[in-house]
Amino acid sequence: MVVNRENVAVNGSNRLTHQEIADTLRERIRAGELKAGDRLPTQAELAEEFGVERGAVRQALRALQDDGLLSNVSKGSPPRIAEQAPLAPEEPQPTMVGLGPRLAEAFSAPRVRVDAVCLTAETLMLAISEPLRQIHEGRIRPEELDVRILLPSRDINLAFPVPVDGRGDDDPVHERWLAMRNAQGQVLRYNLQSLRSTHDIDVRVTFRALPFTPPVKLYLLNGTEALIGYYMITRREEPTDTGTLEMYDTLGSKSLLFSFERNRGQQDAAFVEQSQKWFDALWETITTDLTLS
């Protein structure tokens with residue numbers, strides 16, 4: 001295995017400590033550069049890479065062994081990266097319960113990227129209040145924030161919400177959805193962009209229009225987590241000034257949200273990767289500019 005030279009001490013001295021060597025190797029394991037079953041370089045090779053004596057390397061390897069990250073640690077051959085037990089998946093939660101805390105955790109990173117596919121921005125608009133509150137309290141402090149949102153185009157015939165008795169020339173259900181889409185998106189954008197002036201955070205919020213009705217809502221957080229929930233269709237009534245509006249609509253905020261994390265085994269990692277590729281492909285190809293008006 002080829003290991004890049006990182007012969008620079010982070011403690012200001014000319015040589016790394018055994019703890020700094022362990023931290024560097026631990027980060028390589030966490031990032032996937034070293035995978036379960038991979039054999040480490042020899043102690044001599046590691047000592048040359050880090051510019052230290054073999055004693056410091058042996059101490060670093062013992063620390064990683066104590067953490068359960070290495071197996072077959074012996075004098076005879078280089079150790080291997082231990083097989084890691086997959087993290088237990090979280091129980092699915094209603095969207096309004098599960099999304100806020102996950103967003104707050106994502107916002108604790110220096111550079112935050114949130115990609116979303118949804119019918120309206122209502123759930124995201126409400127859930128974003130949790131990381132915003134933590135930012136205003138000084139508990140988290142991202143440097144950059146990039147939010148990309150895909151919403152249905154105003155020009156398509158939505159699969160839902162739709163009137164129970166079918167569409168006509170005048171579709172009050174579509175007009176209601178369009179007003180909600182625009183208002184919620186504008187509030188979301190305003191709340192995020194206000195962080196520029198209040199906390200000097202570099203913020204970008206961009207919308208694009210989908211040529212179809214998304215059957216699910218999808219949130220991608222920092223490229224490491226995917227949260228997905230199904231839109232459940234129900235028949236409901238809504239009072240209006242002219243009577244009662246009957247429609248087939250969704251229970252978006254109550255949809256169960258399923259979480260997939262890149263570090264939770266191969267299946268989760270593949271789902272996150274493919275979901276991100278799907279979003280990026282939509283963003284760059286068949287979607288169009290969206291104006292919230």
# chains A, B, ... in the order shown; residues from 1 in each chain; ligands from 1
>>> closest_atom_pairs(of="segment 59-177 of chain A", to="segment 273-279 of chain A", cutoff="12 Å", atoms="only C-alpha atoms", output="tab-separated table")
residue	atom	partner	partner_atom	distance
A:Arg113	CA	A:Gln276	CA	11.4
A:Val114	CA	A:Gln276	CA	10.7
A:Asp115	CA	A:Phe279	CA	7.7
A:Ala116	CA	A:Phe279	CA	8.3
A:Val117	CA	A:Phe279	CA	7.9
A:Cys118	CA	A:Phe279	CA	11.6
A:Arg148	CA	A:Phe279	CA	9.8
A:Ile149	CA	A:Phe279	CA	9.7
A:Leu150	CA	A:Phe279	CA	8.7
A:Leu151	CA	A:Phe279	CA	12.0
>>> select_by_dssp(residues="segment 58-145 of chain A", states="helix (DSSP H, G or I)", output="PDB file with all heavy atoms, in the first residue's frame")
ATOM      1  N   ARG A  58       5.625   2.111  17.377  1.00  0.00           N
ATOM      2  CA  ARG A  58       5.068   1.003  18.158  1.00  0.00           C
ATOM      3  C   ARG A  58       4.040   1.514  19.162  1.00  0.00           C
ATOM      4  O   ARG A  58       2.978   0.904  19.348  1.00  0.00           O
ATOM      5  CB  ARG A  58       6.183   0.239  18.871  1.00  0.00           C
ATOM      6  CG  ARG A  58       6.990  -0.670  17.954  1.00  0.00           C
ATOM      7  CD  ARG A  58       7.839  -1.637  18.750  1.00  0.00           C
ATOM      8  NE  ARG A  58       8.932  -0.939  19.442  1.00  0.00           N
ATOM      9  CZ  ARG A  58      10.129  -0.724  18.904  1.00  0.00           C
ATOM     10  NH1 ARG A  58      10.384  -1.138  17.653  1.00  0.00           N
ATOM     11  NH2 ARG A  58      11.072  -0.108  19.587  1.00  0.00           N
ATOM     12  N   GLN A  59       4.310   2.650  19.802  1.00  0.00           N
ATOM     13  CA  GLN A  59       3.355   3.227  20.741  1.00  0.00           C
ATOM     14  C   GLN A  59       2.057   3.629  20.035  1.00  0.00           C
ATOM     15  O   GLN A  59       0.959   3.428  20.564  1.00  0.00           O
ATOM     16  CB  GLN A  59       3.972   4.443  21.436  1.00  0.00           C
ATOM     17  CG  GLN A  59       5.011   4.117  22.482  1.00  0.00           C
ATOM     18  CD  GLN A  59       5.526   5.374  23.159  1.00  0.00           C
ATOM     19  OE1 GLN A  59       6.372   6.090  22.611  1.00  0.00           O
ATOM     20  NE2 GLN A  59       4.998   5.657  24.333  1.00  0.00           N
ATOM     21  N   ALA A  60       2.189   4.203  18.839  1.00  0.00           N
ATOM     22  CA  ALA A  60       1.007   4.616  18.079  1.00  0.00           C
ATOM     23  C   ALA A  60       0.166   3.396  17.718  1.00  0.00           C
ATOM     24  O   ALA A  60      -1.074   3.413  17.820  1.00  0.00           O
ATOM     25  CB  ALA A  60       1.425   5.367  16.821  1.00  0.00           C
ATOM     26  N   LEU A  61       0.833   2.301  17.299  1.00  0.00           N
ATOM     27  CA  LEU A  61       0.099   1.095  16.924  1.00  0.00           C
ATOM     28  C   LEU A  61      -0.606   0.474  18.121  1.00  0.00           C
ATOM     29  O   LEU A  61      -1.730  -0.034  18.010  1.00  0.00           O
ATOM     30  CB  LEU A  61       1.048   0.087  16.274  1.00  0.00           C
ATOM     31  CG  LEU A  61       1.716   0.537  14.967  1.00  0.00           C
ATOM     32  CD1 LEU A  61       2.600  -0.580  14.415  1.00  0.00           C
ATOM     33  CD2 LEU A  61       0.681   0.960  13.935  1.00  0.00           C
ATOM     34  N   ARG A  62       0.040   0.522  19.290  1.00  0.00           N
ATOM     35  CA  ARG A  62      -0.602   0.000  20.502  1.00  0.00           C
ATOM     36  C   ARG A  62      -1.860   0.812  20.833  1.00  0.00           C
ATOM     37  O   ARG A  62      -2.876   0.251  21.252  1.00  0.00           O
ATOM     38  CB  ARG A  62       0.375   0.038  21.680  1.00  0.00           C
ATOM     39  CG  ARG A  62       1.518  -0.957  21.583  1.00  0.00           C
ATOM     40  CD  ARG A  62       2.248  -1.087  22.906  1.00  0.00           C
ATOM     41  NE  ARG A  62       3.570  -1.654  22.722  1.00  0.00           N
ATOM     42  CZ  ARG A  62       4.697  -0.957  22.741  1.00  0.00           C
ATOM     43  NH1 ARG A  62       4.669   0.357  22.935  1.00  0.00           N
ATOM     44  NH2 ARG A  62       5.856  -1.555  22.570  1.00  0.00           N
ATOM     45  N   ALA A  63      -1.771   2.134  20.658  1.00  0.00           N
ATOM     46  CA  ALA A  63      -2.936   2.982  20.941  1.00  0.00           C
ATOM     47  C   ALA A  63      -4.096   2.640  20.012  1.00  0.00           C
ATOM     48  O   ALA A  63      -5.254   2.570  20.447  1.00  0.00           O
ATOM     49  CB  ALA A  63      -2.557   4.455  20.802  1.00  0.00           C
ATOM     50  N   LEU A  64      -3.792   2.408  18.744  1.00  0.00           N
ATOM     51  CA  LEU A  64      -4.839   2.041  17.798  1.00  0.00           C
ATOM     52  C   LEU A  64      -5.387   0.654  18.084  1.00  0.00           C
ATOM     53  O   LEU A  64      -6.582   0.391  17.901  1.00  0.00           O
ATOM     54  CB  LEU A  64      -4.297   2.112  16.369  1.00  0.00           C
ATOM     55  CG  LEU A  64      -3.901   3.511  15.868  1.00  0.00           C
ATOM     56  CD1 LEU A  64      -3.283   3.417  14.482  1.00  0.00           C
ATOM     57  CD2 LEU A  64      -5.095   4.446  15.851  1.00  0.00           C
ATOM     58  N   GLN A  65      -4.509  -0.248  18.554  1.00  0.00           N
ATOM     59  CA  GLN A  65      -4.970  -1.576  18.926  1.00  0.00           C
ATOM     60  C   GLN A  65      -5.910  -1.488  20.130  1.00  0.00           C
ATOM     61  O   GLN A  65      -6.951  -2.161  20.167  1.00  0.00           O
ATOM     62  CB  GLN A  65      -3.774  -2.478  19.259  1.00  0.00           C
ATOM     63  CG  GLN A  65      -4.169  -3.914  19.636  1.00  0.00           C
ATOM     64  CD  GLN A  65      -2.960  -4.748  20.029  1.00  0.00           C
ATOM     65  OE1 GLN A  65      -1.960  -4.209  20.511  1.00  0.00           O
ATOM     66  NE2 GLN A  65      -3.048  -6.049  19.815  1.00  0.00           N
ATOM     67  N   ASP A  66      -5.563  -0.654  21.103  1.00  0.00           N
ATOM     68  CA  ASP A  66      -6.417  -0.478  22.282  1.00  0.00           C
ATOM     69  C   ASP A  66      -7.783   0.079  21.896  1.00  0.00           C
ATOM     70  O   ASP A  66      -8.784  -0.201  22.563  1.00  0.00           O
ATOM     71  CB  ASP A  66      -5.750   0.459  23.288  1.00  0.00           C
ATOM     72  CG  ASP A  66      -4.507  -0.163  23.934  1.00  0.00           C
ATOM     73  OD1 ASP A  66      -4.374  -1.404  23.865  1.00  0.00           O
ATOM     74  OD2 ASP A  66      -3.683   0.593  24.477  1.00  0.00           O
ATOM     75  N   THR A  95     -40.656  13.327  10.012  1.00  0.00           N
ATOM     76  CA  THR A  95     -39.746  14.314   9.441  1.00  0.00           C
ATOM     77  C   THR A  95     -39.499  15.489  10.380  1.00  0.00           C
ATOM     78  O   THR A  95     -38.356  15.911  10.575  1.00  0.00           O
ATOM     79  CB  THR A  95     -40.304  14.840   8.101  1.00  0.00           C
ATOM     80  OG1 THR A  95     -40.493  13.739   7.220  1.00  0.00           O
ATOM     81  CG2 THR A  95     -39.326  15.808   7.456  1.00  0.00           C
ATOM     82  N   MET A  96     -40.543  16.015  10.984  1.00  0.00           N
ATOM     83  CA  MET A  96     -40.376  17.192  11.834  1.00  0.00           C
ATOM     84  C   MET A  96     -39.660  16.877  13.133  1.00  0.00           C
ATOM     85  O   MET A  96     -39.204  17.776  13.826  1.00  0.00           O
ATOM     86  CB  MET A  96     -41.739  17.832  12.118  1.00  0.00           C
ATOM     87  CG  MET A  96     -42.336  18.541  10.910  1.00  0.00           C
ATOM     88  SD  MET A  96     -41.173  19.679  10.110  1.00  0.00           S
ATOM     89  CE  MET A  96     -40.795  20.788  11.460  1.00  0.00           C
ATOM     90  N   VAL A  97     -39.548  15.609  13.487  1.00  0.00           N
ATOM     91  CA  VAL A  97     -38.799  15.216  14.679  1.00  0.00           C
ATOM     92  C   VAL A  97     -37.336  14.966  14.331  1.00  0.00           C
ATOM     93  O   VAL A  97     -36.431  15.369  15.061  1.00  0.00           O
ATOM     94  CB  VAL A  97     -39.418  13.955  15.319  1.00  0.00           C
ATOM     95  CG1 VAL A  97     -38.573  13.464  16.496  1.00  0.00           C
ATOM     96  CG2 VAL A  97     -40.844  14.232  15.767  1.00  0.00           C
ATOM     97  N   GLY A  98     -37.105  14.283  13.209  1.00  0.00           N
ATOM     98  CA  GLY A  98     -35.756  13.835  12.892  1.00  0.00           C
ATOM     99  C   GLY A  98     -34.888  14.799  12.120  1.00  0.00           C
ATOM    100  O   GLY A  98     -33.656  14.760  12.239  1.00  0.00           O
ATOM    101  N   LEU A  99     -35.494  15.704  11.328  1.00  0.00           N
ATOM    102  CA  LEU A  99     -34.680  16.513  10.423  1.00  0.00           C
ATOM    103  C   LEU A  99     -33.905  17.608  11.149  1.00  0.00           C
ATOM    104  O   LEU A  99     -32.729  17.839  10.840  1.00  0.00           O
ATOM    105  CB  LEU A  99     -35.566  17.128   9.334  1.00  0.00           C
ATOM    106  CG  LEU A  99     -34.827  17.912   8.244  1.00  0.00           C
ATOM    107  CD1 LEU A  99     -33.765  17.063   7.565  1.00  0.00           C
ATOM    108  CD2 LEU A  99     -35.814  18.458   7.212  1.00  0.00           C
ATOM    109  N   GLY A 100     -34.534  18.291  12.091  1.00  0.00           N
ATOM    110  CA  GLY A 100     -33.865  19.404  12.771  1.00  0.00           C
ATOM    111  C   GLY A 100     -32.548  19.022  13.421  1.00  0.00           C
ATOM    112  O   GLY A 100     -31.520  19.672  13.182  1.00  0.00           O
ATOM    113  N   PRO A 101     -32.515  17.971  14.266  1.00  0.00           N
ATOM    114  CA  PRO A 101     -31.241  17.575  14.883  1.00  0.00           C
ATOM    115  C   PRO A 101     -30.182  17.159  13.875  1.00  0.00           C
ATOM    116  O   PRO A 101     -28.990  17.423  14.065  1.00  0.00           O
ATOM    117  CB  PRO A 101     -31.649  16.398  15.785  1.00  0.00           C
ATOM    118  CG  PRO A 101     -33.090  16.609  16.065  1.00  0.00           C
ATOM    119  CD  PRO A 101     -33.652  17.219  14.813  1.00  0.00           C
ATOM    120  N   ARG A 102     -30.579  16.501  12.757  1.00  0.00           N
ATOM    121  CA  ARG A 102     -29.599  16.096  11.764  1.00  0.00           C
ATOM    122  C   ARG A 102     -29.019  17.319  11.053  1.00  0.00           C
ATOM    123  O   ARG A 102     -27.836  17.365  10.731  1.00  0.00           O
ATOM    124  CB  ARG A 102     -30.234  15.155  10.732  1.00  0.00           C
ATOM    125  CG  ARG A 102     -30.910  13.920  11.309  1.00  0.00           C
ATOM    126  CD  ARG A 102     -30.035  13.177  12.270  1.00  0.00           C
ATOM    127  NE  ARG A 102     -28.789  12.729  11.663  1.00  0.00           N
ATOM    128  CZ  ARG A 102     -27.681  12.479  12.332  1.00  0.00           C
ATOM    129  NH1 ARG A 102     -27.652  12.674  13.641  1.00  0.00           N
ATOM    130  NH2 ARG A 102     -26.596  12.070  11.715  1.00  0.00           N
ATOM    131  N   LEU A 103     -29.860  18.312  10.803  1.00  0.00           N
ATOM    132  CA  LEU A 103     -29.368  19.553  10.204  1.00  0.00           C
ATOM    133  C   LEU A 103     -28.400  20.259  11.148  1.00  0.00           C
ATOM    134  O   LEU A 103     -27.368  20.777  10.719  1.00  0.00           O
ATOM    135  CB  LEU A 103     -30.534  20.473   9.864  1.00  0.00           C
ATOM    136  CG  LEU A 103     -31.342  20.118   8.615  1.00  0.00           C
ATOM    137  CD1 LEU A 103     -32.603  20.962   8.552  1.00  0.00           C
ATOM    138  CD2 LEU A 103     -30.518  20.317   7.349  1.00  0.00           C
ATOM    139  N   ALA A 104     -28.738  20.288  12.430  1.00  0.00           N
ATOM    140  CA  ALA A 104     -27.859  20.952  13.398  1.00  0.00           C
ATOM    141  C   ALA A 104     -26.496  20.285  13.440  1.00  0.00           C
ATOM    142  O   ALA A 104     -25.460  20.962  13.518  1.00  0.00           O
ATOM    143  CB  ALA A 104     -28.509  20.929  14.787  1.00  0.00           C
ATOM    144  N   GLU A 105     -26.470  18.958  13.368  1.00  0.00           N
ATOM    145  CA  GLU A 105     -25.183  18.253  13.354  1.00  0.00           C
ATOM    146  C   GLU A 105     -24.416  18.575  12.074  1.00  0.00           C
ATOM    147  O   GLU A 105     -23.198  18.780  12.098  1.00  0.00           O
ATOM    148  CB  GLU A 105     -25.405  16.755  13.487  1.00  0.00           C
ATOM    149  CG  GLU A 105     -24.113  15.965  13.545  1.00  0.00           C
ATOM    150  CD  GLU A 105     -24.328  14.499  13.876  1.00  0.00           C
ATOM    151  OE1 GLU A 105     -25.378  14.185  14.469  1.00  0.00           O
ATOM    152  OE2 GLU A 105     -23.457  13.680  13.546  1.00  0.00           O
ATOM    153  N   ALA A 106     -25.129  18.635  10.948  1.00  0.00           N
ATOM    154  CA  ALA A 106     -24.472  18.964   9.675  1.00  0.00           C
ATOM    155  C   ALA A 106     -23.908  20.375   9.716  1.00  0.00           C
ATOM    156  O   ALA A 106     -22.831  20.645   9.164  1.00  0.00           O
ATOM    157  CB  ALA A 106     -25.455  18.812   8.523  1.00  0.00           C
ATOM    158  N   GLU A 122     -41.579  23.690   2.992  1.00  0.00           N
ATOM    159  CA  GLU A 122     -42.156  23.874   4.323  1.00  0.00           C
ATOM    160  C   GLU A 122     -41.356  23.161   5.406  1.00  0.00           C
ATOM    161  O   GLU A 122     -40.961  23.760   6.416  1.00  0.00           O
ATOM    162  CB  GLU A 122     -43.601  23.383   4.347  1.00  0.00           C
ATOM    163  CG  GLU A 122     -44.244  23.510   5.726  1.00  0.00           C
ATOM    164  CD  GLU A 122     -45.656  22.976   5.764  1.00  0.00           C
ATOM    165  OE1 GLU A 122     -46.030  22.211   4.849  1.00  0.00           O
ATOM    166  OE2 GLU A 122     -46.393  23.315   6.707  1.00  0.00           O
ATOM    167  N   THR A 123     -41.120  21.859   5.225  1.00  0.00           N
ATOM    168  CA  THR A 123     -40.429  21.093   6.253  1.00  0.00           C
ATOM    169  C   THR A 123     -39.017  21.620   6.478  1.00  0.00           C
ATOM    170  O   THR A 123     -38.572  21.783   7.620  1.00  0.00           O
ATOM    171  CB  THR A 123     -40.381  19.603   5.859  1.00  0.00           C
ATOM    172  OG1 THR A 123     -41.716  19.124   5.698  1.00  0.00           O
ATOM    173  CG2 THR A 123     -39.684  18.792   6.924  1.00  0.00           C
ATOM    174  N   LEU A 124     -38.290  21.884   5.405  1.00  0.00           N
ATOM    175  CA  LEU A 124     -36.935  22.406   5.529  1.00  0.00           C
ATOM    176  C   LEU A 124     -36.947  23.777   6.188  1.00  0.00           C
ATOM    177  O   LEU A 124     -36.084  24.084   7.023  1.00  0.00           O
ATOM    178  CB  LEU A 124     -36.275  22.470   4.158  1.00  0.00           C
ATOM    179  CG  LEU A 124     -34.783  22.802   4.116  1.00  0.00           C
ATOM    180  CD1 LEU A 124     -33.984  21.814   4.931  1.00  0.00           C
ATOM    181  CD2 LEU A 124     -34.293  22.827   2.676  1.00  0.00           C
ATOM    182  N   MET A 125     -37.905  24.612   5.828  1.00  0.00           N
ATOM    183  CA  MET A 125     -38.019  25.944   6.419  1.00  0.00           C
ATOM    184  C   MET A 125     -38.192  25.862   7.935  1.00  0.00           C
ATOM    185  O   MET A 125     -37.561  26.616   8.690  1.00  0.00           O
ATOM    186  CB  MET A 125     -39.213  26.680   5.807  1.00  0.00           C
ATOM    187  CG  MET A 125     -39.491  28.051   6.418  1.00  0.00           C
ATOM    188  SD  MET A 125     -41.106  28.702   5.920  1.00  0.00           S
ATOM    189  CE  MET A 125     -42.213  27.598   6.822  1.00  0.00           C
ATOM    190  N   LEU A 126     -39.029  24.919   8.398  1.00  0.00           N
ATOM    191  CA  LEU A 126     -39.273  24.778   9.834  1.00  0.00           C
ATOM    192  C   LEU A 126     -38.096  24.108  10.540  1.00  0.00           C
ATOM    193  O   LEU A 126     -37.685  24.528  11.623  1.00  0.00           O
ATOM    194  CB  LEU A 126     -40.553  23.976  10.064  1.00  0.00           C
ATOM    195  CG  LEU A 126     -41.849  24.617   9.552  1.00  0.00           C
ATOM    196  CD1 LEU A 126     -43.016  23.643   9.688  1.00  0.00           C
ATOM    197  CD2 LEU A 126     -42.140  25.918  10.305  1.00  0.00           C
ATOM    198  N   ALA A 127     -37.534  23.057   9.924  1.00  0.00           N
ATOM    199  CA  ALA A 127     -36.454  22.307  10.571  1.00  0.00           C
ATOM    200  C   ALA A 127     -35.172  23.106  10.663  1.00  0.00           C
ATOM    201  O   ALA A 127     -34.355  22.882  11.565  1.00  0.00           O
ATOM    202  CB  ALA A 127     -36.205  20.999   9.812  1.00  0.00           C
ATOM    203  N   SER A 129     -34.757  25.926  11.665  1.00  0.00           N
ATOM    204  CA  SER A 129     -34.747  26.788  12.858  1.00  0.00           C
ATOM    205  C   SER A 129     -33.841  26.225  13.946  1.00  0.00           C
ATOM    206  O   SER A 129     -33.296  26.986  14.754  1.00  0.00           O
ATOM    207  CB  SER A 129     -36.167  26.961  13.395  1.00  0.00           C
ATOM    208  OG  SER A 129     -36.708  25.723  13.806  1.00  0.00           O
ATOM    209  N   GLU A 130     -33.662  24.889  13.988  1.00  0.00           N
ATOM    210  CA  GLU A 130     -32.809  24.302  15.024  1.00  0.00           C
ATOM    211  C   GLU A 130     -31.341  24.687  14.836  1.00  0.00           C
ATOM    212  O   GLU A 130     -30.721  25.212  15.782  1.00  0.00           O
ATOM    213  CB  GLU A 130     -32.977  22.786  15.042  1.00  0.00           C
ATOM    214  CG  GLU A 130     -32.068  22.057  16.032  1.00  0.00           C
ATOM    215  CD  GLU A 130     -32.304  22.448  17.478  1.00  0.00           C
ATOM    216  OE1 GLU A 130     -33.389  22.983  17.795  1.00  0.00           O
ATOM    217  OE2 GLU A 130     -31.404  22.229  18.306  1.00  0.00           O
ATOM    218  N   PRO A 131     -30.724  24.464  13.664  1.00  0.00           N
ATOM    219  CA  PRO A 131     -29.332  24.934  13.523  1.00  0.00           C
ATOM    220  C   PRO A 131     -29.212  26.447  13.598  1.00  0.00           C
ATOM    221  O   PRO A 131     -28.205  26.954  14.107  1.00  0.00           O
ATOM    222  CB  PRO A 131     -28.919  24.405  12.145  1.00  0.00           C
ATOM    223  CG  PRO A 131     -30.183  24.110  11.441  1.00  0.00           C
ATOM    224  CD  PRO A 131     -31.154  23.700  12.482  1.00  0.00           C
ATOM    225  N   LEU A 132     -30.218  27.203  13.132  1.00  0.00           N
ATOM    226  CA  LEU A 132     -30.150  28.657  13.244  1.00  0.00           C
ATOM    227  C   LEU A 132     -30.121  29.078  14.708  1.00  0.00           C
ATOM    228  O   LEU A 132     -29.381  29.994  15.092  1.00  0.00           O
ATOM    229  CB  LEU A 132     -31.337  29.307  12.534  1.00  0.00           C
ATOM    230  CG  LEU A 132     -31.358  29.192  11.005  1.00  0.00           C
ATOM    231  CD1 LEU A 132     -32.589  29.896  10.436  1.00  0.00           C
ATOM    232  CD2 LEU A 132     -30.091  29.761  10.394  1.00  0.00           C
ATOM    233  N   ARG A 133     -30.923  28.414  15.539  1.00  0.00           N
ATOM    234  CA  ARG A 133     -30.933  28.736  16.968  1.00  0.00           C
ATOM    235  C   ARG A 133     -29.560  28.467  17.579  1.00  0.00           C
ATOM    236  O   ARG A 133     -29.049  29.287  18.369  1.00  0.00           O
ATOM    237  CB  ARG A 133     -31.999  27.900  17.673  1.00  0.00           C
ATOM    238  CG  ARG A 133     -32.094  28.135  19.178  1.00  0.00           C
ATOM    239  CD  ARG A 133     -33.171  27.270  19.794  1.00  0.00           C
ATOM    240  NE  ARG A 133     -32.857  25.857  19.663  1.00  0.00           N
ATOM    241  CZ  ARG A 133     -32.033  25.205  20.497  1.00  0.00           C
ATOM    242  NH1 ARG A 133     -31.442  25.858  21.490  1.00  0.00           N
ATOM    243  NH2 ARG A 133     -31.793  23.920  20.331  1.00  0.00           N
ATOM    244  N   GLN A 134     -28.945  27.341  17.218  1.00  0.00           N
ATOM    245  CA  GLN A 134     -27.637  27.012  17.782  1.00  0.00           C
ATOM    246  C   GLN A 134     -26.560  27.975  17.291  1.00  0.00           C
ATOM    247  O   GLN A 134     -25.616  28.281  18.030  1.00  0.00           O
ATOM    248  CB  GLN A 134     -27.282  25.566  17.440  1.00  0.00           C
ATOM    249  CG  GLN A 134     -28.200  24.546  18.100  1.00  0.00           C
ATOM    250  CD  GLN A 134     -27.668  23.133  17.999  1.00  0.00           C
ATOM    251  OE1 GLN A 134     -26.460  22.910  17.858  1.00  0.00           O
ATOM    252  NE2 GLN A 134     -28.559  22.145  18.077  1.00  0.00           N
ATOM    253  N   ILE A 135     -26.703  28.457  16.067  1.00  0.00           N
ATOM    254  CA  ILE A 135     -25.751  29.459  15.571  1.00  0.00           C
ATOM    255  C   ILE A 135     -25.894  30.753  16.370  1.00  0.00           C
ATOM    256  O   ILE A 135     -24.898  31.349  16.806  1.00  0.00           O
ATOM    257  CB  ILE A 135     -25.969  29.721  14.071  1.00  0.00           C
ATOM    258  CG1 ILE A 135     -25.524  28.513  13.243  1.00  0.00           C
ATOM    259  CG2 ILE A 135     -25.212  30.968  13.618  1.00  0.00           C
ATOM    260  CD1 ILE A 135     -25.841  28.614  11.771  1.00  0.00           C
ATOM    261  N   HIS A 136     -27.120  31.203  16.578  1.00  0.00           N
ATOM    262  CA  HIS A 136     -27.346  32.447  17.315  1.00  0.00           C
ATOM    263  C   HIS A 136     -26.913  32.318  18.776  1.00  0.00           C
ATOM    264  O   HIS A 136     -26.524  33.313  19.398  1.00  0.00           O
ATOM    265  CB  HIS A 136     -28.815  32.846  17.233  1.00  0.00           C
ATOM    266  CG  HIS A 136     -29.253  33.284  15.865  1.00  0.00           C
ATOM    267  ND1 HIS A 136     -28.599  34.272  15.157  1.00  0.00           N
ATOM    268  CD2 HIS A 136     -30.268  32.852  15.062  1.00  0.00           C
ATOM    269  CE1 HIS A 136     -29.197  34.443  13.981  1.00  0.00           C
ATOM    270  NE2 HIS A 136     -30.203  33.588  13.893  1.00  0.00           N
TER     271      HIS A 136
END
>>> atom_distance(atom1="atom CA of Leu40 of chain A", atom2="atom CA of Thr24 of chain A")
12.9 Å
>>> select_by_dssp(residues="segment 20-174 of chain A", states="strand (DSSP E)", output="ChimeraX atom specification")
/A:70-71,80-81,93-94,111-117,144-152,162-163
>>> write_last_selection(atoms="N, CA and C atoms", output="short mmCIF file (atom, residue, chain, number, x, y, z; two decimals), in the first residue's frame")
data_model
loop_
_atom_site.label_atom_id
_atom_site.label_comp_id
_atom_site.auth_asym_id
_atom_site.auth_seq_id
_atom_site.Cartn_x
_atom_site.Cartn_y
_atom_site.Cartn_z
N LEU A 70 -6.98 -1.95 15.08
CA LEU A 70 -5.98 -2.81 14.45
C LEU A 70 -6.11 -4.23 14.96
N SER A 71 -5.76 -5.17 14.11
CA SER A 71 -5.71 -6.57 14.50
C SER A 71 -4.37 -7.15 14.06
N ARG A 80 -3.16 -5.43 10.56
CA ARG A 80 -4.23 -5.12 9.60
C ARG A 80 -5.27 -4.23 10.26
N ILE A 81 -6.01 -3.51 9.39
CA ILE A 81 -7.12 -2.71 9.89
C ILE A 81 -8.22 -3.68 10.31
N GLN A 93 -37.92 8.32 12.06
CA GLN A 93 -38.68 9.27 12.84
C GLN A 93 -39.53 10.14 11.92
N PRO A 94 -40.63 10.70 12.43
CA PRO A 94 -41.36 11.68 11.62
C PRO A 94 -40.43 12.80 11.20
N ARG A 111 -17.74 23.78 6.57
CA ARG A 111 -18.34 24.01 5.25
C ARG A 111 -19.54 23.09 5.11
N VAL A 112 -20.71 23.69 5.03
CA VAL A 112 -21.97 22.95 5.06
C VAL A 112 -22.58 22.92 3.68
N ARG A 113 -23.03 21.74 3.25
CA ARG A 113 -23.77 21.61 2.00
C ARG A 113 -25.04 20.82 2.26
N VAL A 114 -26.16 21.42 1.93
CA VAL A 114 -27.46 20.76 2.07
C VAL A 114 -28.13 20.76 0.71
N ASP A 115 -28.46 19.58 0.21
CA ASP A 115 -29.21 19.43 -1.03
C ASP A 115 -30.55 18.81 -0.69
N ALA A 116 -31.63 19.33 -1.30
CA ALA A 116 -32.96 18.85 -0.97
C ALA A 116 -33.82 18.73 -2.22
N VAL A 117 -34.60 17.67 -2.26
CA VAL A 117 -35.64 17.49 -3.27
C VAL A 117 -36.96 17.36 -2.52
N GLU A 144 -19.03 28.41 5.84
CA GLU A 144 -19.70 28.49 4.53
C GLU A 144 -20.96 27.63 4.57
N LEU A 145 -21.96 28.07 3.85
CA LEU A 145 -23.23 27.35 3.79
C LEU A 145 -23.74 27.39 2.35
N ASP A 146 -23.90 26.20 1.76
CA ASP A 146 -24.38 26.09 0.38
C ASP A 146 -25.62 25.20 0.38
N VAL A 147 -26.77 25.78 0.07
CA VAL A 147 -28.04 25.06 0.07
C VAL A 147 -28.61 25.06 -1.34
N ARG A 148 -28.88 23.88 -1.86
CA ARG A 148 -29.48 23.73 -3.19
C ARG A 148 -30.80 22.98 -3.05
N ILE A 149 -31.86 23.53 -3.63
CA ILE A 149 -33.20 22.96 -3.44
C ILE A 149 -33.87 22.76 -4.79
N LEU A 150 -34.38 21.55 -5.01
CA LEU A 150 -35.15 21.24 -6.20
C LEU A 150 -36.63 21.17 -5.83
N LEU A 151 -37.44 22.00 -6.50
CA LEU A 151 -38.89 22.03 -6.29
C LEU A 151 -39.59 21.86 -7.63
N PRO A 152 -40.83 21.36 -7.64
CA PRO A 152 -41.53 21.20 -8.92
C PRO A 152 -41.75 22.55 -9.62
N VAL A 162 -53.94 17.55 -5.91
CA VAL A 162 -54.88 17.77 -7.02
C VAL A 162 -56.30 17.74 -6.46
N PRO A 163 -57.25 18.44 -7.13
CA PRO A 163 -58.64 18.37 -6.70
C PRO A 163 -59.20 16.96 -6.85
#
>>> residues_around(residues="Asp169 of chain A", least_positions_apart="5", cutoff="12 Å", atoms="only C-alpha atoms", output="JSON, numbers by chain")
{"A": [157, 174, 175]}
>>> write_last_selection(atoms="N, CA and C atoms", output="short mmCIF file (atom, residue, chain, number, x, y, z; two decimals), in the first residue's frame")
data_model
loop_
_atom_site.label_atom_id
_atom_site.label_comp_id
_atom_site.auth_asym_id
_atom_site.auth_seq_id
_atom_site.Cartn_x
_atom_site.Cartn_y
_atom_site.Cartn_z
N ASN A 157 -48.27 19.79 -14.66
CA ASN A 157 -49.46 19.25 -13.99
C ASN A 157 -48.99 18.33 -12.87
N HIS A 174 -53.82 23.92 -7.30
CA HIS A 174 -52.50 24.25 -7.84
C HIS A 174 -52.07 25.64 -7.41
N GLU A 175 -52.98 26.59 -7.44
CA GLU A 175 -52.65 27.96 -7.03
C GLU A 175 -52.28 28.01 -5.56
#
